[in-house]
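start_31.cif (mmCIF, C-alpha atoms) appears below.
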```cif
data_target
#
loop_
_atom_site.group_PDB
_atom_site.id
_atom_site.type_symbol
_atom_site.label_atom_id
_atom_site.label_comp_id
_atom_site.auth_asym_id
_atom_site.auth_seq_id
_atom_site.Cartn_x
_atom_site.Cartn_y
_atom_site.Cartn_z
ATOM 1 C CA MET A 1 -1.343 19.818 -23.099
ATOM 2 C CA PRO A 2 -4.772 20.398 -21.467
ATOM 3 C CA ASP A 3 -5.008 19.564 -17.779
ATOM 4 C CA ASN A 4 -7.710 16.884 -18.060
ATOM 5 C CA TRP A 5 -8.923 17.399 -14.502
ATOM 6 C CA SER A 6 -11.878 15.076 -15.163
ATOM 7 C CA PHE A 7 -9.450 12.162 -15.625
ATOM 8 C CA VAL A 8 -7.662 13.073 -12.371
ATOM 9 C CA ALA A 9 -11.009 13.242 -10.526
ATOM 10 C CA ALA A 10 -12.088 9.909 -12.059
ATOM 11 C CA ALA A 11 -8.877 8.142 -10.978
ATOM 12 C CA TYR A 12 -8.888 9.482 -7.406
ATOM 13 C CA GLY A 13 -12.675 9.097 -7.070
ATOM 14 C CA LEU A 14 -12.626 5.492 -8.263
ATOM 15 C CA ALA A 15 -9.762 4.564 -5.946
ATOM 16 C CA ALA A 16 -11.480 6.273 -2.978
ATOM 17 C CA ILE A 17 -14.735 4.395 -3.630
ATOM 18 C CA VAL A 18 -13.007 0.992 -4.000
ATOM 19 C CA LEU A 19 -10.887 1.466 -0.859
ATOM 20 C CA ALA A 20 -13.839 2.746 1.184
ATOM 21 C CA LEU A 21 -15.999 -0.215 0.114
ATOM 22 C CA TYR A 22 -13.267 -2.695 1.038
ATOM 23 C CA TRP A 23 -12.790 -0.983 4.429
ATOM 24 C CA ARG A 24 -16.562 -1.140 5.053
ATOM 25 C CA PHE A 25 -16.611 -4.848 4.105
ATOM 26 C CA LEU A 26 -13.819 -5.582 6.608
ATOM 27 C CA VAL A 27 -15.444 -3.585 9.435
ATOM 28 C CA ARG A 28 -18.868 -5.192 8.915
ATOM 29 C CA ARG A 29 -17.505 -8.741 8.611
ATOM 30 C CA GLU A 30 -15.362 -8.284 11.710
ATOM 31 C CA LYS A 31 -18.353 -6.994 13.690
ATOM 32 C CA GLU A 32 -20.532 -9.907 12.497
ATOM 33 C CA LEU A 33 -17.919 -12.442 13.572
ATOM 34 C CA ASP A 34 -17.256 -10.693 16.898
ATOM 35 C CA ASP A 35 -21.002 -10.697 17.663
ATOM 36 C CA ALA A 36 -21.309 -14.367 16.663
ATOM 37 C CA GLY A 37 -18.315 -15.155 18.896
ATOM 38 C CA VAL A 38 -19.976 -13.493 21.899
ATOM 39 C CA VAL A 39 -23.202 -15.470 21.276
ATOM 40 C CA ARG A 40 -21.219 -18.735 20.968
ATOM 41 C CA GLN A 41 -19.401 -18.015 24.201
ATOM 42 C CA GLU A 42 -22.657 -17.270 26.023
ATOM 43 C CA LEU A 43 -24.221 -20.504 24.733
ATOM 44 C CA ARG A 44 -21.157 -22.490 25.794
ATOM 45 C CA GLN A 45 -21.260 -20.904 29.236
ATOM 46 C CA ALA A 46 -24.974 -21.579 29.596
ATOM 47 C CA SER A 47 -24.589 -25.234 28.564
ATOM 48 C CA SER A 48 -21.614 -25.786 30.911
ATOM 49 C CA GLU A 49 -23.634 -24.325 33.804
ATOM 50 C CA SER A 50 -26.644 -26.563 33.117
ATOM 51 C CA GLU A 51 -24.697 -29.807 32.494
ATOM 52 C CA PRO A 52 -23.709 -30.757 36.095
ATOM 53 C CA HIS A 53 -27.233 -29.887 37.193
ATOM 54 C CA ALA A 54 -28.732 -32.238 34.585
ATOM 55 C CA ALA A 55 -26.281 -34.998 35.501
ATOM 56 C CA GLY A 56 -27.200 -34.573 39.140
ATOM 57 C CA ARG A 57 -30.883 -34.866 38.333
ATOM 58 C CA GLY A 58 -30.179 -38.088 36.423
ATOM 59 C CA GLN A 59 -28.797 -39.702 39.563
ATOM 60 C CA LEU A 60 -31.876 -39.025 41.624
ATOM 61 C CA PRO A 61 -33.714 -42.200 42.667
ATOM 62 C CA MET B 1 -2.998 -0.316 18.513
ATOM 63 C CA ARG B 2 -5.329 -0.755 15.571
ATOM 64 C CA ARG B 3 -6.866 2.671 16.170
ATOM 65 C CA LEU B 4 -3.389 4.183 16.223
ATOM 66 C CA LEU B 5 -2.547 2.475 12.923
ATOM 67 C CA GLY B 6 -5.881 3.641 11.464
ATOM 68 C CA GLY B 7 -5.213 7.213 12.591
ATOM 69 C CA LEU B 8 -1.676 7.177 11.215
ATOM 70 C CA THR B 9 -2.951 5.789 7.904
ATOM 71 C CA LEU B 10 -5.614 8.475 7.610
ATOM 72 C CA ALA B 11 -3.082 11.205 8.455
ATOM 73 C CA GLY B 12 -0.683 9.722 5.877
ATOM 74 C CA LEU B 13 -3.351 9.675 3.167
ATOM 75 C CA VAL B 14 -4.303 13.308 3.885
ATOM 76 C CA ALA B 15 -0.611 14.297 3.807
ATOM 77 C CA GLY B 16 -0.284 12.417 0.515
ATOM 78 C CA LEU B 17 -3.183 14.344 -1.012
ATOM 79 C CA VAL B 18 -1.686 17.643 0.192
ATOM 80 C CA MET B 19 1.659 16.683 -1.374
ATOM 81 C CA ALA B 20 0.044 15.533 -4.643
ATOM 82 C CA PHE B 21 -2.261 18.532 -5.117
ATOM 83 C CA GLY B 22 -0.766 21.315 -3.009
ATOM 84 C CA VAL B 23 2.997 20.889 -3.038
ATOM 85 C CA ALA B 24 3.953 18.987 -6.213
ATOM 86 C CA PRO B 25 4.082 21.285 -9.259
ATOM 87 C CA ARG B 26 2.081 20.985 -12.464
ATOM 88 C CA GLU B 27 4.117 18.779 -14.788
ATOM 89 C CA ALA B 28 5.343 20.684 -17.858
ATOM 90 C CA THR B 29 4.606 18.057 -20.542
ATOM 91 C CA GLN B 30 1.507 16.246 -19.330
ATOM 92 C CA GLY B 31 -0.126 18.987 -17.268
ATOM 93 C CA ASN B 32 -2.142 18.204 -14.148
ATOM 94 C CA VAL B 33 -3.169 14.739 -15.362
ATOM 95 C CA GLN B 34 0.314 13.599 -14.274
ATOM 96 C CA ARG B 35 -0.950 13.898 -10.668
ATOM 97 C CA ILE B 36 -2.504 10.447 -11.199
ATOM 98 C CA MET B 37 1.058 9.186 -10.766
ATOM 99 C CA TYR B 38 0.839 9.858 -6.983
ATOM 100 C CA LEU B 39 -1.953 7.292 -6.855
ATOM 101 C CA HIS B 40 -0.840 4.881 -9.596
ATOM 102 C CA VAL B 41 2.784 4.325 -8.521
ATOM 103 C CA PRO B 42 2.066 3.803 -4.763
ATOM 104 C CA SER B 43 -0.708 1.335 -5.739
ATOM 105 C CA VAL B 44 1.659 -0.807 -7.778
ATOM 106 C CA TRP B 45 4.297 -0.562 -5.022
ATOM 107 C CA VAL B 46 1.766 -1.933 -2.509
ATOM 108 C CA ALA B 47 0.792 -4.693 -4.970
ATOM 109 C CA TYR B 48 4.470 -5.761 -5.252
ATOM 110 C CA LEU B 49 4.819 -5.635 -1.460
ATOM 111 C CA ALA B 50 1.623 -7.628 -0.914
ATOM 112 C CA PHE B 51 2.625 -10.359 -3.361
ATOM 113 C CA GLY B 52 6.126 -10.440 -1.854
ATOM 114 C CA VAL B 53 4.500 -11.084 1.539
ATOM 115 C CA VAL B 54 2.404 -13.857 -0.073
ATOM 116 C CA LEU B 55 5.649 -15.447 -1.314
ATOM 117 C CA VAL B 56 7.362 -15.351 2.104
ATOM 118 C CA ALA B 57 4.254 -16.456 4.046
ATOM 119 C CA SER B 58 3.658 -19.305 1.555
ATOM 120 C CA VAL B 59 7.212 -20.601 2.021
ATOM 121 C CA VAL B 60 6.793 -20.372 5.817
ATOM 122 C CA TYR B 61 3.484 -22.252 5.577
ATOM 123 C CA LEU B 62 4.962 -25.066 3.475
ATOM 124 C CA VAL B 63 7.936 -25.442 5.837
ATOM 125 C CA ARG B 64 6.170 -25.092 9.212
ATOM 126 C CA ARG B 65 2.487 -25.673 8.395
ATOM 127 C CA ALA B 66 1.698 -22.602 10.507
ATOM 128 C CA GLU B 67 -1.933 -21.561 9.982
ATOM 129 C CA ALA B 68 -1.103 -17.942 10.841
ATOM 130 C CA ALA B 69 1.278 -17.862 7.840
ATOM 131 C CA ASP B 70 -1.468 -19.231 5.609
ATOM 132 C CA ARG B 71 -3.905 -16.591 6.826
ATOM 133 C CA LEU B 72 -1.285 -13.878 6.259
ATOM 134 C CA ALA B 73 -0.713 -15.107 2.684
ATOM 135 C CA HIS B 74 -4.452 -15.223 2.017
ATOM 136 C CA ALA B 75 -5.061 -11.731 3.434
ATOM 137 C CA SER B 76 -2.063 -10.254 1.613
ATOM 138 C CA ALA B 77 -3.108 -11.777 -1.726
ATOM 139 C CA GLU B 78 -6.578 -10.260 -1.395
ATOM 140 C CA VAL B 79 -5.228 -6.795 -0.571
ATOM 141 C CA GLY B 80 -2.668 -7.180 -3.390
ATOM 142 C CA VAL B 81 -5.403 -7.978 -5.915
ATOM 143 C CA LEU B 82 -7.325 -4.904 -4.730
ATOM 144 C CA PHE B 83 -4.308 -2.635 -5.294
ATOM 145 C CA THR B 84 -3.419 -4.279 -8.624
ATOM 146 C CA GLY B 85 -6.981 -3.561 -9.754
ATOM 147 C CA ILE B 86 -6.559 0.085 -8.716
ATOM 148 C CA THR B 87 -3.211 0.198 -10.562
ATOM 149 C CA ILE B 88 -4.763 -1.106 -13.780
ATOM 150 C CA ALA B 89 -7.807 1.173 -13.553
ATOM 151 C CA THR B 90 -5.849 4.348 -12.738
ATOM 152 C CA GLY B 91 -3.268 3.499 -15.402
ATOM 153 C CA SER B 92 -6.001 3.128 -17.971
ATOM 154 C CA ILE B 93 -7.543 6.478 -16.938
ATOM 155 C CA TRP B 94 -4.091 8.109 -17.168
ATOM 156 C CA GLY B 95 -3.407 6.427 -20.512
ATOM 157 C CA LYS B 96 -6.428 7.862 -22.335
ATOM 158 C CA PRO B 97 -5.364 11.553 -22.289
ATOM 159 C CA THR B 98 -1.613 10.845 -22.590
ATOM 160 C CA TRP B 99 -1.470 7.918 -25.039
ATOM 161 C CA GLY B 100 -4.851 8.448 -26.693
ATOM 162 C CA THR B 101 -6.103 4.981 -25.725
ATOM 163 C CA TRP B 102 -7.582 3.324 -22.635
ATOM 164 C CA TRP B 103 -5.684 0.104 -23.222
ATOM 165 C CA THR B 104 -2.950 -1.405 -25.372
ATOM 166 C CA TRP B 105 -1.359 -4.845 -25.192
ATOM 167 C CA ASP B 106 2.181 -3.640 -24.547
ATOM 168 C CA ALA B 107 4.596 -5.551 -22.302
ATOM 169 C CA ARG B 108 3.873 -3.707 -19.033
ATOM 170 C CA LEU B 109 0.105 -3.766 -19.363
ATOM 171 C CA THR B 110 0.089 -7.398 -20.457
ATOM 172 C CA THR B 111 2.373 -8.629 -17.660
ATOM 173 C CA VAL B 112 0.465 -6.706 -14.989
ATOM 174 C CA SER B 113 -2.804 -8.177 -16.317
ATOM 175 C CA ILE B 114 -1.306 -11.668 -16.048
ATOM 176 C CA LEU B 115 -0.214 -10.859 -12.467
ATOM 177 C CA PHE B 116 -3.749 -9.717 -11.631
ATOM 178 C CA VAL B 117 -5.348 -12.838 -13.140
ATOM 179 C CA MET B 118 -2.853 -15.164 -11.412
ATOM 180 C CA TYR B 119 -3.618 -13.815 -7.948
ATOM 181 C CA LEU B 120 -7.331 -13.712 -8.731
ATOM 182 C CA GLY B 121 -6.904 -17.415 -9.570
ATOM 183 C CA TYR B 122 -5.076 -17.858 -6.263
ATOM 184 C CA LEU B 123 -8.098 -16.486 -4.382
ATOM 185 C CA LEU B 124 -10.519 -18.597 -6.450
ATOM 186 C CA LEU B 125 -8.430 -21.713 -5.797
ATOM 187 C CA ARG B 126 -8.675 -21.136 -2.059
ATOM 188 C CA GLY B 127 -12.441 -20.845 -2.321
ATOM 189 C CA MET B 128 -12.838 -23.941 -4.526
ATOM 190 C CA ILE B 129 -11.097 -26.585 -2.409
ATOM 191 C CA GLU B 130 -13.171 -27.741 0.567
ATOM 192 C CA ASP B 131 -10.346 -29.431 2.484
ATOM 193 C CA ARG B 132 -8.749 -26.420 4.204
ATOM 194 C CA GLU B 133 -5.285 -27.937 4.619
ATOM 195 C CA ARG B 134 -5.146 -29.106 1.002
ATOM 196 C CA GLY B 135 -6.406 -25.744 -0.266
ATOM 197 C CA ALA B 136 -3.780 -23.920 1.787
ATOM 198 C CA ARG B 137 -1.015 -26.180 0.431
ATOM 199 C CA PHE B 138 -2.032 -25.707 -3.230
ATOM 200 C CA ALA B 139 -2.456 -21.952 -2.695
ATOM 201 C CA ALA B 140 1.016 -21.730 -1.123
ATOM 202 C CA VAL B 141 2.558 -23.363 -4.225
ATOM 203 C CA LEU B 142 0.664 -20.987 -6.521
ATOM 204 C CA GLY B 143 1.637 -18.039 -4.286
ATOM 205 C CA ILE B 144 5.301 -18.916 -4.795
ATOM 206 C CA VAL B 145 5.046 -19.546 -8.556
ATOM 207 C CA ALA B 146 3.027 -16.367 -9.205
ATOM 208 C CA ALA B 147 5.643 -14.225 -7.431
ATOM 209 C CA PHE B 148 8.089 -14.885 -10.290
ATOM 210 C CA ASN B 149 5.890 -12.584 -12.358
ATOM 211 C CA ILE B 150 6.713 -9.539 -10.173
ATOM 212 C CA PRO B 151 10.211 -8.820 -11.615
ATOM 213 C CA LEU B 152 8.812 -9.529 -15.071
ATOM 214 C CA VAL B 153 6.193 -6.794 -14.563
ATOM 215 C CA HIS B 154 8.646 -4.311 -13.085
ATOM 216 C CA PHE B 155 11.436 -4.713 -15.638
ATOM 217 C CA SER B 156 9.188 -5.300 -18.677
ATOM 218 C CA VAL B 157 9.546 -1.613 -19.582
ATOM 219 C CA LEU B 158 13.340 -1.988 -19.672
ATOM 220 C CA TRP B 159 13.495 -5.400 -21.361
ATOM 221 C CA TRP B 160 10.976 -4.681 -24.152
ATOM 222 C CA ARG B 161 10.066 -1.645 -26.195
ATOM 223 C CA THR B 162 6.805 -0.401 -24.691
ATOM 224 C CA LEU B 163 4.417 2.518 -24.772
ATOM 225 C CA HIS B 164 4.585 2.647 -20.977
ATOM 226 C CA GLN B 165 7.227 4.947 -19.486
ATOM 227 C CA PRO B 166 10.251 3.424 -17.681
ATOM 228 C CA PRO B 167 9.945 2.814 -13.900
ATOM 229 C CA SER B 168 9.678 6.028 -11.848
ATOM 230 C CA LEU B 169 11.463 4.439 -8.894
ATOM 231 C CA MET B 170 13.445 1.255 -8.182
ATOM 232 C CA LYS B 171 15.419 1.415 -11.407
ATOM 233 C CA PRO B 172 19.144 1.352 -12.195
ATOM 234 C CA GLY B 173 20.669 4.794 -11.511
ATOM 235 C CA SER B 174 18.945 7.670 -9.721
ATOM 236 C CA ALA B 175 15.374 8.738 -10.457
ATOM 237 C CA ALA B 176 15.353 11.493 -13.081
ATOM 238 C CA MET B 177 12.728 13.714 -11.491
ATOM 239 C CA PRO B 178 12.712 16.873 -9.358
ATOM 240 C CA ASP B 179 13.062 16.368 -5.600
ATOM 241 C CA VAL B 180 9.607 17.757 -4.835
ATOM 242 C CA ILE B 181 7.995 15.122 -7.075
ATOM 243 C CA LYS B 182 10.134 12.414 -5.441
ATOM 244 C CA TYR B 183 9.021 13.581 -1.958
ATOM 245 C CA ALA B 184 5.349 13.625 -2.993
ATOM 246 C CA LEU B 185 5.746 10.120 -4.372
ATOM 247 C CA PHE B 186 7.520 8.992 -1.204
ATOM 248 C CA VAL B 187 4.842 10.391 1.137
ATOM 249 C CA ASN B 188 2.077 8.752 -0.903
ATOM 250 C CA SER B 189 3.971 5.444 -1.039
ATOM 251 C CA ALA B 190 4.439 5.526 2.751
ATOM 252 C CA ALA B 191 0.731 6.308 3.266
ATOM 253 C CA PHE B 192 -0.290 3.442 0.968
ATOM 254 C CA THR B 193 2.086 1.109 2.821
ATOM 255 C CA LEU B 194 0.360 2.021 6.088
ATOM 256 C CA LEU B 195 -3.002 1.428 4.407
ATOM 257 C CA TYR B 196 -1.764 -1.990 3.265
ATOM 258 C CA VAL B 197 -0.671 -2.923 6.815
ATOM 259 C CA TYR B 198 -4.009 -1.682 8.192
ATOM 260 C CA PHE B 199 -6.030 -3.729 5.682
ATOM 261 C CA LEU B 200 -3.755 -6.746 6.127
ATOM 262 C CA THR B 201 -4.126 -6.880 9.914
ATOM 263 C CA ARG B 202 -7.905 -6.458 9.740
ATOM 264 C CA ARG B 203 -8.306 -9.080 6.989
ATOM 265 C CA ALA B 204 -6.045 -11.550 8.800
ATOM 266 C CA ARG B 205 -8.142 -11.101 11.971
ATOM 267 C CA VAL B 206 -11.353 -11.691 9.989
ATOM 268 C CA LEU B 207 -9.851 -14.903 8.578
ATOM 269 C CA ARG B 208 -8.887 -16.049 12.088
ATOM 270 C CA LEU B 209 -12.399 -15.351 13.414
ATOM 271 C CA GLU B 210 -13.898 -17.231 10.430
ATOM 272 C CA ALA B 211 -11.654 -20.226 11.143
ATOM 273 C CA GLU B 212 -12.676 -20.176 14.814
ATOM 274 C CA ALA B 213 -16.351 -19.982 13.862
ATOM 275 C CA ASP B 214 -15.977 -22.975 11.493
ATOM 276 C CA ALA B 215 -14.126 -25.078 14.101
#
```
Structure translated into structure tokens:
Amino acid sequence: MPDNWSFVAAAYGLAAIVLALYWRFLVRREKELDDAGVVRQELRQASSESEPHAAGRGQLP
Amino acid sequence: MRRLLGGLTLAGLVAGLVMAFGVAPREATQGNVQRIMYLHVPSVWVAYLAFGVVLVASVVYLVRRAEAADRLAHASAEVGVLFTGITIATGSIWGKPTWGTWWTWDARLTTVSILFVMYLGYLLLRGMIEDRERGARFAAVLGIVAAFNIPLVHFSVLWWRTLHQPPSLMKPGSAAMPDVIKYALFVNSAAFTLLYVYFLTRRARVLRLEAEADA
């Protein structure tokens, strides 16, 4: 039986492409969410720092 | 820890390729096209494992309502669908030169297609229901029901007369193949298992971050 190397290359090539694309999707999505998490944390920190100040101002005569 | 797992996975995959192309011999009947087996069989093994994890995590979710179990089931189902897709595609590519056709509706190919569609439906179901808790509950039930298809897929080649060859591994009696082929298959299966764990942990983390962002 002939070796049919083209079929072997197609099978391994296809699997490599699919797995690499899925890996890239996971890495990118994780980075997006990590970055968004950092921004959310910074916003929360900024708002918690400004809140007592604003409340204090509200009590001024 | 994740870097270590990633490094181990990469090393395992390279070792698997060396075993498949450098160590394992050319098969006498099929020729070199048989080397697709070192990709096809580990893929279906990982699909079985992934759907088995979906089953266990779904039961845990229904009993304890633990969100981590739901995320694990979701992540495992997605990775399982990915590997089932690879199994079907590589099987079809292997089938053309050996059987003379890309596809035939024999018992193994039909049952594995049903498995693929069921878990694809599982992922669609999760995306369709807006109420997260309700979606998780329905998905858990489907995750348990769909798992009954796994033994049907695996033993279909023994229970019915099919074009597909009998199972290479996990069958009654010892595997009728030379040791070097068994080792190559084992190394590739181990590498794919590591790849599954790597993907699973990353996907589960992404799901957790998404849930935190939505909260």
Would you kindly translate the PyMOL selection byres ((chain A) within 7 of (chain B)) into the concrete residues it picks from this file, as a JSON list (two decimals) with C-alpha atoms, in the frame of the given file?
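Result went into part-v1.json, see below:
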```
[["chain", "number", "residue", "atom", "x", "y", "z"],
["A", 1, "MET", "CA", -1.34, 19.82, -23.10],
["A", 2, "PRO", "CA", -4.77, 20.40, -21.47],
["A", 3, "ASP", "CA", -5.01, 19.56, -17.78],
["A", 4, "ASN", "CA", -7.71, 16.88, -18.06],
["A", 5, "TRP", "CA", -8.92, 17.40, -14.50],
["A", 7, "PHE", "CA", -9.45, 12.16, -15.62],
["A", 8, "VAL", "CA", -7.66, 13.07, -12.37],
["A", 11, "ALA", "CA", -8.88, 8.14, -10.98],
["A", 15, "ALA", "CA", -9.76, 4.56, -5.95],
["A", 26, "LEU", "CA", -13.82, -5.58, 6.61],
["A", 29, "ARG", "CA", -17.50, -8.74, 8.61],
["A", 30, "GLU", "CA", -15.36, -8.28, 11.71],
["A", 33, "LEU", "CA", -17.92, -12.44, 13.57]]
```
If I take CA of Arg132 (chain B) and CA of Ala66 (chain B), how far is one from the other in Å, to one decimal?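 Atom-to-atom, CA of Arg132 (chain B) and CA of Ala66 (chain B) are spaced 12.8 Å apart.
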Long-range neighbours of Ser189 (chain B) as a PyMOL selection string, 10 Å cut-off, only C-alpha atoms, 3 positions minimum in chain: chain B and resi 12-13+16+38-46+183-186+192-195
Can you write just those residues out, C-alpha atoms, as a tab-separated table (two decimals), in the frame of the given file?
```
chain	number	residue	atom	x	y	z
B	12	GLY	CA	-0.68	9.72	5.88
B	13	LEU	CA	-3.35	9.68	3.17
B	16	GLY	CA	-0.28	12.42	0.52
B	38	TYR	CA	0.84	9.86	-6.98
B	39	LEU	CA	-1.95	7.29	-6.86
B	40	HIS	CA	-0.84	4.88	-9.60
B	41	VAL	CA	2.78	4.32	-8.52
B	42	PRO	CA	2.07	3.80	-4.76
B	43	SER	CA	-0.71	1.34	-5.74
B	44	VAL	CA	1.66	-0.81	-7.78
B	45	TRP	CA	4.30	-0.56	-5.02
B	46	VAL	CA	1.77	-1.93	-2.51
B	183	TYR	CA	9.02	13.58	-1.96
B	184	ALA	CA	5.35	13.62	-2.99
B	185	LEU	CA	5.75	10.12	-4.37
B	186	PHE	CA	7.52	8.99	-1.20
B	192	PHE	CA	-0.29	3.44	0.97
B	193	THR	CA	2.09	1.11	2.82
B	194	LEU	CA	0.36	2.02	6.09
B	195	LEU	CA	-3.00	1.43	4.41
```
One-decimal distance in Å that lies between CA of Leu72 (chain B) and CA of Thr201 (chain B): 8.4 Å
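Considering only C-alpha atoms, the residue among B:Pro167, B:Gly127, B:Gly121, B:Gly143 positioned nearest to Gly52 (chain B) is B:Gly143.
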How many Å lie between CA of Thr162 (chain B) and CA of Met118 (chain B), rounded to one decimal?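 CA of Met118 (chain B) lies at a distance of 22.1 Å from CA of Thr162 (chain B).
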Which residues, named as in the file, does the PyMOL selection byres ((chain B and resi 141) around 10) pick out? Answer as a list of chain:residue names.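 This file gives the following for the PyMOL selection byres ((chain B and resi 141) around 10): B:Leu55, B:Ser58, B:Val59, B:Tyr61, B:Leu62, B:Tyr122, B:Ala136, B:Arg137, B:Phe138, B:Ala139, B:Ala140, B:Leu142, B:Gly143, B:Ile144, B:Val145, B:Ala146.
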Hey, what's within 12 Å of Thr110 (chain B) if we count only C-alpha atoms and toss same-chain stuff fewer than 4 positions away? As a PyMOL selection string, please? chain B and resi 88+103-106+114-117+149+152-154+156-157+160+162-164
Determine the residue set returned by the PyMOL selection byres ((chain B and resi 77) around 8) for the present structure, and present it as an MDAnalysis selection string. chainID B and resid 50:51 54 73:76 78:81 119 122:123
